[in-house]
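Peer 1: Next up, start-v5.cif (mmCIF, C-alpha atoms and all ligand atoms).
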```
data_input
#
loop_
_atom_site.label_atom_id
_atom_site.label_comp_id
_atom_site.auth_asym_id
_atom_site.auth_seq_id
_atom_site.Cartn_x
_atom_site.Cartn_y
_atom_site.Cartn_z
CA MET H 1 86.76 97.27 121.59
CA ILE H 2 89.51 95.37 119.79
CA LYS H 3 93.24 94.85 120.30
CA ALA H 4 95.45 95.83 117.37
CA GLY H 5 99.11 96.59 116.95
CA PHE H 6 102.38 96.13 115.12
CA ILE H 7 105.56 94.12 114.98
CA GLN H 8 108.66 96.21 114.34
CA PHE H 9 111.72 94.24 113.21
CA ARG H 10 114.68 94.24 110.84
CA PRO H 11 114.09 92.00 107.80
CA VAL H 12 117.27 90.58 106.28
CA LEU H 13 117.66 91.22 102.55
CA GLY H 14 117.38 87.97 100.62
CA ASN H 15 117.01 85.71 103.68
CA GLN H 16 113.38 84.69 103.97
CA ASP H 17 114.08 81.84 106.41
CA GLU H 18 115.69 84.26 108.83
CA ASN H 19 112.77 86.68 108.45
CA ILE H 20 110.25 83.92 109.17
CA LYS H 21 112.27 82.87 112.22
CA SER H 22 112.35 86.42 113.62
CA LEU H 23 108.64 86.94 113.01
CA GLY H 24 107.76 83.57 114.55
CA LYS H 25 109.39 84.65 117.82
CA LEU H 26 107.85 88.13 117.77
CA LEU H 27 104.37 86.82 116.99
CA MET H 28 104.45 84.96 120.31
CA GLN H 29 104.39 88.40 121.96
CA ALA H 30 101.29 89.34 119.96
CA GLN H 31 99.03 86.77 121.58
CA GLY H 32 95.63 88.20 122.46
CA ALA H 33 95.69 90.68 119.57
CA ASP H 34 92.89 90.67 117.00
CA LEU H 35 94.91 92.40 114.29
CA ILE H 36 98.66 92.75 113.86
CA VAL H 37 100.62 94.63 111.20
CA ILE H 38 104.11 93.62 109.94
CA PRO H 39 106.45 95.90 107.89
CA GLU H 40 106.71 96.32 104.11
CA LEU H 41 108.51 93.63 102.04
CA ALA H 42 108.94 91.49 105.16
CA ASN H 43 109.59 88.33 103.11
CA SER H 44 112.45 89.74 101.07
CA GLY H 45 114.00 92.91 102.46
CA TYR H 46 113.92 96.20 100.58
CA ASN H 47 117.04 97.61 98.98
CA PHE H 48 117.63 95.31 96.00
CA GLU H 49 120.80 95.76 93.96
CA SER H 50 119.07 94.87 90.69
CA LYS H 51 115.79 93.97 89.10
CA GLU H 52 117.03 90.37 88.93
CA GLN H 53 117.55 90.28 92.69
CA ALA H 54 114.10 91.79 93.30
CA PHE H 55 112.53 89.09 91.06
CA GLU H 56 114.50 86.27 92.72
CA GLN H 57 113.10 87.29 96.11
CA ALA H 58 109.46 87.59 94.94
CA GLU H 59 106.74 84.98 95.50
CA GLU H 60 103.34 84.17 94.09
CA ILE H 61 100.71 84.41 96.80
CA GLY H 62 99.34 80.93 96.05
CA ASN H 63 102.85 79.46 96.21
CA SER H 64 104.55 81.37 99.00
CA LYS H 65 106.27 79.87 102.02
CA PHE H 66 105.97 83.27 103.68
CA VAL H 67 102.20 83.58 103.17
CA GLU H 68 101.75 79.98 104.34
CA PHE H 69 103.69 80.89 107.49
CA LEU H 70 101.38 83.90 108.07
CA GLU H 71 98.31 81.72 107.53
CA GLU H 72 99.53 79.16 110.06
CA GLU H 73 100.27 81.87 112.62
CA ALA H 74 96.88 83.51 112.06
CA GLN H 75 95.12 80.18 112.55
CA LYS H 76 97.16 79.19 115.59
CA ASN H 77 96.78 82.55 117.34
CA LYS H 78 93.24 83.30 116.06
CA LEU H 79 94.24 86.70 114.73
CA HIS H 80 94.34 88.67 111.50
CA ILE H 81 97.74 89.60 110.09
CA VAL H 82 98.65 92.30 107.55
CA SER H 83 102.13 92.03 106.09
CA GLY H 84 104.15 93.56 103.30
CA ILE H 85 105.44 91.06 100.76
CA ASN H 86 107.36 91.11 97.50
CA GLU H 87 104.70 89.59 95.22
CA LYS H 88 105.18 88.02 91.80
CA GLU H 89 102.33 87.51 89.34
CA ALA H 90 102.41 86.82 85.60
CA GLY H 91 106.04 87.85 85.15
CA LYS H 92 105.66 91.11 87.08
CA ILE H 93 106.40 92.05 90.66
CA TYR H 94 104.41 94.23 93.05
CA ASN H 95 105.07 95.78 96.43
CA THR H 96 102.04 94.20 98.09
CA SER H 97 100.33 94.01 101.47
CA VAL H 98 98.48 90.76 102.22
CA LEU H 99 95.68 90.20 104.71
CA VAL H 100 95.27 86.76 106.26
CA GLY H 101 92.96 85.55 108.99
CA PRO H 102 92.33 82.35 110.97
CA GLN H 103 90.59 80.88 107.89
CA GLY H 104 93.47 81.74 105.54
CA TYR H 105 94.22 84.32 102.86
CA ILE H 106 91.64 87.12 102.56
CA GLY H 107 92.97 89.77 100.18
CA LYS H 108 95.67 92.21 99.20
CA TYR H 109 96.57 95.78 98.28
CA ARG H 110 99.35 96.71 95.86
CA LYS H 111 101.34 99.87 96.59
CA ILE H 112 100.27 102.73 94.35
CA HIS H 113 102.98 105.31 95.07
CA LEU H 114 106.42 103.82 94.46
CA PHE H 115 109.43 105.40 96.19
CA MET H 116 112.83 106.01 94.55
CA ASN H 117 114.37 102.80 93.09
CA GLU H 118 111.15 100.86 93.61
CA LYS H 119 110.16 102.45 90.30
CA ASP H 120 112.88 100.33 88.61
CA PHE H 121 111.61 97.05 90.05
CA PHE H 122 107.90 97.07 90.78
CA GLU H 123 104.74 97.67 88.81
CA ARG H 124 102.48 100.35 90.21
CA GLY H 125 99.54 99.00 92.22
CA ASN H 126 96.54 98.10 90.06
CA LEU H 127 93.95 96.92 92.58
CA GLY H 128 92.63 100.25 93.83
CA LEU H 129 92.08 100.82 97.54
CA PRO H 130 90.02 97.93 98.92
CA VAL H 131 88.34 97.98 102.33
CA PHE H 132 87.75 94.63 104.05
CA ASP H 133 84.95 93.97 106.53
CA LEU H 134 86.42 91.54 109.07
CA GLY H 135 83.24 91.46 111.13
CA PHE H 136 84.96 92.92 114.19
CA CYS H 137 86.22 95.96 112.19
CA LYS H 138 86.55 97.42 108.71
CA MET H 139 90.08 97.92 107.55
CA GLY H 140 92.14 99.10 104.59
CA MET H 141 95.83 99.04 103.73
CA LEU H 142 98.43 101.52 102.50
CA ILE H 143 102.15 100.90 102.09
CA CYS H 144 104.94 103.19 103.25
CA PHE H 145 105.38 106.15 100.81
CA ASP H 146 101.62 106.19 100.22
CA TRP H 147 101.70 108.16 103.51
CA ILE H 148 102.48 111.44 101.75
CA PHE H 149 99.32 111.38 99.62
CA PRO H 150 96.28 112.48 101.69
CA GLU H 151 93.92 111.30 98.95
CA VAL H 152 94.45 107.60 99.63
CA TRP H 153 93.83 107.87 103.38
CA ARG H 154 90.64 109.82 102.63
CA ILE H 155 89.39 107.27 100.14
CA LEU H 156 89.82 104.41 102.62
CA ALA H 157 87.98 106.44 105.27
CA LEU H 158 85.20 107.29 102.81
CA LYS H 159 84.84 103.57 102.11
CA GLY H 160 84.28 102.99 105.82
CA ALA H 161 87.69 101.85 107.11
CA ASP H 162 87.91 102.10 110.90
CA VAL H 163 91.55 101.07 110.90
CA ILE H 164 94.24 101.77 108.28
CA CYS H 165 97.13 99.31 108.35
CA HIS H 166 100.38 100.70 106.97
CA PRO H 167 103.26 98.26 106.50
CA SER H 168 106.36 100.42 105.99
CA ASN H 169 110.09 100.71 105.43
CA LEU H 170 110.15 104.44 106.18
CA VAL H 171 113.20 106.45 105.21
CA LEU H 172 112.22 110.14 105.43
CA PRO H 173 112.65 110.98 109.12
CA TYR H 174 109.49 113.08 109.46
CA ALA H 175 107.02 110.55 108.00
CA GLN H 176 105.75 109.31 111.36
CA GLN H 177 104.48 112.80 112.21
CA ALA H 178 101.94 112.58 109.38
CA VAL H 179 100.34 109.34 110.55
CA PRO H 180 98.31 110.74 113.51
CA VAL H 181 97.35 113.78 111.41
CA HIS H 182 95.85 111.63 108.67
CA GLY H 183 93.98 109.81 111.43
CA MET H 184 92.73 113.06 112.91
CA ILE H 185 91.41 114.45 109.64
CA ASN H 186 89.70 111.21 108.64
CA ARG H 187 88.81 109.89 112.10
CA THR H 188 90.54 106.54 111.68
CA PHE H 189 92.90 104.46 113.77
CA ASN H 190 96.21 104.17 111.93
CA ILE H 191 98.85 101.50 112.49
CA THR H 192 102.26 101.97 110.88
CA ALA H 193 104.52 98.91 111.24
CA ASN H 194 107.96 100.15 110.32
CA ARG H 195 111.32 98.40 110.10
CA PHE H 196 114.63 99.59 111.48
CA GLY H 197 118.27 98.97 110.58
CA MET H 198 120.37 99.51 107.46
CA GLU H 199 120.43 97.84 104.06
CA ARG H 200 123.39 98.91 101.97
CA ASP H 201 123.12 102.75 101.81
CA ILE H 202 119.61 103.12 103.30
CA THR H 203 118.76 103.55 106.99
CA PHE H 204 115.20 102.87 108.09
CA SER H 205 113.70 104.83 110.93
CA GLY H 206 111.70 102.46 113.17
CA LYS H 207 109.31 104.39 115.44
CA SER H 208 106.31 102.32 114.43
CA ILE H 209 103.16 104.03 115.59
CA ILE H 210 99.50 103.48 116.52
CA SER H 211 97.33 106.62 116.51
CA ASP H 212 93.68 107.26 117.30
CA PRO H 213 90.89 109.17 115.47
CA LEU H 214 91.60 112.35 117.45
CA GLY H 215 95.26 112.37 116.38
CA LYS H 216 96.63 111.03 119.64
CA THR H 217 99.64 108.71 119.54
CA LEU H 218 98.67 105.58 121.50
CA LYS H 219 101.96 103.71 121.05
CA MET H 220 105.32 104.48 119.49
CA ALA H 221 108.32 102.16 119.22
CA SER H 222 112.01 103.03 119.46
CA SER H 223 114.11 103.69 116.36
CA ASP H 224 116.43 100.69 116.64
CA LYS H 225 115.03 97.47 118.07
CA ASP H 226 112.49 94.70 117.70
CA GLU H 227 109.21 95.68 119.34
CA VAL H 228 105.65 94.41 119.55
CA MET H 229 103.04 96.92 120.70
CA ILE H 230 99.30 96.48 120.98
CA ALA H 231 96.62 99.04 121.82
CA ASP H 232 92.96 98.86 122.82
CA ILE H 233 90.96 100.31 119.99
CA ASP H 234 87.45 101.62 120.53
CA LEU H 235 85.87 101.45 117.11
CA LEU H 236 83.03 103.78 118.12
CA LEU H 237 85.59 106.60 118.12
CA ALA H 238 86.37 105.93 114.43
CA ARG H 239 82.70 105.69 113.53
CA ASP H 240 81.84 109.05 115.08
CA LYS H 241 82.58 111.51 112.26
CA MET H 242 81.01 114.56 113.99
CA VAL H 243 83.66 117.20 114.72
CA THR H 244 81.11 119.60 116.16
CA THR H 245 77.37 119.22 116.64
CA ARG H 246 76.98 120.72 113.12
CA ASN H 247 80.02 119.38 111.27
CA HIS H 248 80.31 115.85 109.88
CA ILE H 249 83.81 115.29 108.57
CA MET H 250 82.64 113.46 105.45
CA GLU H 251 79.24 115.02 104.77
CA ASP H 252 80.65 118.56 105.00
CA ARG H 253 83.05 117.98 102.12
CA ILE H 254 82.29 119.98 98.96
CA PRO H 255 83.58 117.76 96.11
CA SER H 256 82.42 120.31 93.47
CA GLU H 257 85.27 122.54 94.76
CA TYR H 258 87.92 119.81 94.49
CA GLY H 259 88.14 119.31 90.71
CA GLU H 260 91.91 119.99 90.58
CA LEU H 261 92.49 116.90 92.70
CA THR H 262 91.55 114.59 89.85
CA GLU H 263 93.30 116.48 87.03
C1 LIG H 301 109.15 103.60 101.14
O1 LIG H 301 108.12 103.82 100.51
N1 LIG H 301 109.52 102.37 101.44
C2 LIG H 301 109.98 104.70 101.65
#
```
Once more with this new file: its structure as structure tokens, please.
Ligand code: ACM

Peer 2:
Amino acid sequence: MIKAGFIQFRPVLGNQDENIKSLGKLLMQAQGADLIVIPELANSGYNFESKEQAFEQAEEIGNSKFVEFLEEEAQKNKLHIVSGINEKEAGKIYNTSVLVGPQGYIGKYRKIHLFMNEKDFFERGNLGLPVFDLGFCKMGMLICFDWIFPEVWRILALKGADVICHPSNLVLPYAQQAVPVHGMINRTFNITANRFGMERDITFSGKSIISDPLGKTLKMASSDKDEVMIADIDLLLARDKMVTTRNHIMEDRIPSEYGELTE
């Protein structure tokens, strides 16, 4: 049994110090959690006016005040943190999710499916879909609009993820409905940490959610305020892939019938 959850907040576009301050306060409410998820692009905000602005707000992971802040918090509170960040590397920027633990930086995922204007700013993710064994659980990461592609949830589950962490800045109002369904069909716990508020012409929908491997919603936040929610997660439920006594959700797949998926 572990404790995992999310922080929902409203990052301020272009004001990293303010974002760190808000998260510092909210992380105090996450004490006792083993794993906590923070929204997409939490260091920079989301709705950039230009490529130049997106680049100005990006950081290299090895030289990032924001990642250092996460590392300090993870060490102080003995927890693992997943957070969206605007990442710069070799003259390119990525919409990235970092994983840090009490010992420091562990790894990252770069968003594969870019949404709307993100296509003007970011490179598409080029690191595949890693799964990390934290000892107390196996976890993978997706970012926001990845939610609409069932393939990526399935791949993480096939690689053994018990928990899928999903930093988000969700815009489409029905996205949250899909999260428990992906969990149900892959038997994973899913944690979507969403933001709320407006940035220029975009409104984000809040309603961060934790769901279980049977598709049940364990926690859901409001649409318009800071919230920290943590659930007890029984990993045995995610590791039991039997849907009936004769149906294993992974072993019953027939990949020879799925050729179109990779065309
Ligand atoms: C999104 O992918 N941030 C909607």

Peer 1: Give the residues close to ligand LIG 301 (chain H), within 8 Å, counting all atoms listed in the file; write them as a ChimeraX atom specification.

Peer 2: /H:40,46,113-116,143-146,168-172

Peer 1: Calculate how many Å separate CA of Asn19 (chain H) from CA of Phe204 (chain H), rounding to one decimal.

Peer 2: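 So the two atoms, CA of Asn19 (chain H) and CA of Phe204 (chain H), lie 16.4 Å apart.
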
Peer 1: Within 8 Å of Glu71 (chain H), counting all atoms listed in the file, which residues qualify if same-chain residues fewer than 2 places away don't, as JSON, numbers by chain?

Peer 2: {"H": [67, 68, 69, 73, 74, 75, 100, 101, 102, 103, 104, 105]}

Peer 1: To one decimal in Å, tell me the separation between CA of Asp224 (chain H) and CA of Phe196 (chain H).

Peer 2: 5.6 Å

Peer 1: Could you check the closest approach to Arg239 (chain H) for each of H:Ala157, H:Met198, H:Lys219, H:His166 and tell me which residue wins, using all atoms listed in the file?

Peer 2: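 Nearest candidate to Arg239 (chain H) out of H:Ala157, H:Met198, H:Lys219, H:His166: H:Ala157.
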
Peer 1: Between CA of Ser205 (chain H) and CA of Leu13 (chain H), what is the spacing in Å?

Peer 2: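 Distance between the two atoms: 16.5 Å.
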
Peer 1: Might you pull out every residue within 12 Å of Lys88 (chain H), with only C-alpha atoms counted and same-chain residues fewer than 2 positions away left off, and present them as a list in words?

Peer 2: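 That gives Ser44, Ala54, Phe55, Glu56, Gln57, Ala58, Glu59, Glu60, Ile61, Gly62, Asn63, Ser64, Ile85, Asn86, Ala90, Gly91, Lys92, Ile93, Tyr94, Asn95, Thr96, Arg110, Phe121, Phe122 and Glu123 of chain H.
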
Peer 1: H:Thr217, H:Leu237, H:Pro173, H:Ser256: which is nearest Met1 (chain H), counting only C-alpha atoms?

Peer 2: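 Closest residue, counting only C-alpha atoms: H:Leu237.
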
Peer 1: Would you please work out which residue, of H:Leu35, H:Leu41, H:Ile202, H:Ile233, is nearest to Cys165 (chain H) when using all atoms listed in the file?

Peer 2: H:Leu35

Peer 1: Can you tell me, as a list in words, what residues are no more than 10 Å from Arg154 (chain H) when counting all atoms listed in the file, ignoring any on the same chain fewer than 6 positions away?

Peer 2: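 Once the adjacent positions are removed, what remains is Gly160, Ala161, His182, Gly183, Ile185, Asn186, Arg187, Thr188 and Met250 of chain H.
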
Peer 1: Starting from the point (106.8, 97.3, 117.9), work out which residues of protein, DNA or RNA have an atom no more than 6 Å away when counting all atoms listed in the file; state them as a ChimeraX atom specification.

Peer 2: /H:6-8,221,227-229

Peer 1: Keeping only C-alpha atoms, write those residues as a short mmCIF file (atom, residue, chain, number, x, y, z; two decimals), in the frame of the given file.

Peer 2:
```
data_model
loop_
_atom_site.label_atom_id
_atom_site.label_comp_id
_atom_site.auth_asym_id
_atom_site.auth_seq_id
_atom_site.Cartn_x
_atom_site.Cartn_y
_atom_site.Cartn_z
CA PHE H 6 102.38 96.13 115.12
CA ILE H 7 105.56 94.12 114.98
CA GLN H 8 108.66 96.21 114.34
CA ALA H 221 108.32 102.16 119.22
CA GLU H 227 109.21 95.68 119.34
CA VAL H 228 105.65 94.41 119.55
CA MET H 229 103.04 96.92 120.70
#
```

Peer 1: Using all atoms listed in the file, find the one residue out of H:Val131, H:Ala178, H:Leu236, H:Met242 that sits nearest to Gly215 (chain H).

Peer 2: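 Once distances to Gly215 (chain H) are computed over all atoms listed in the file, the minimum belongs to H:Ala178.
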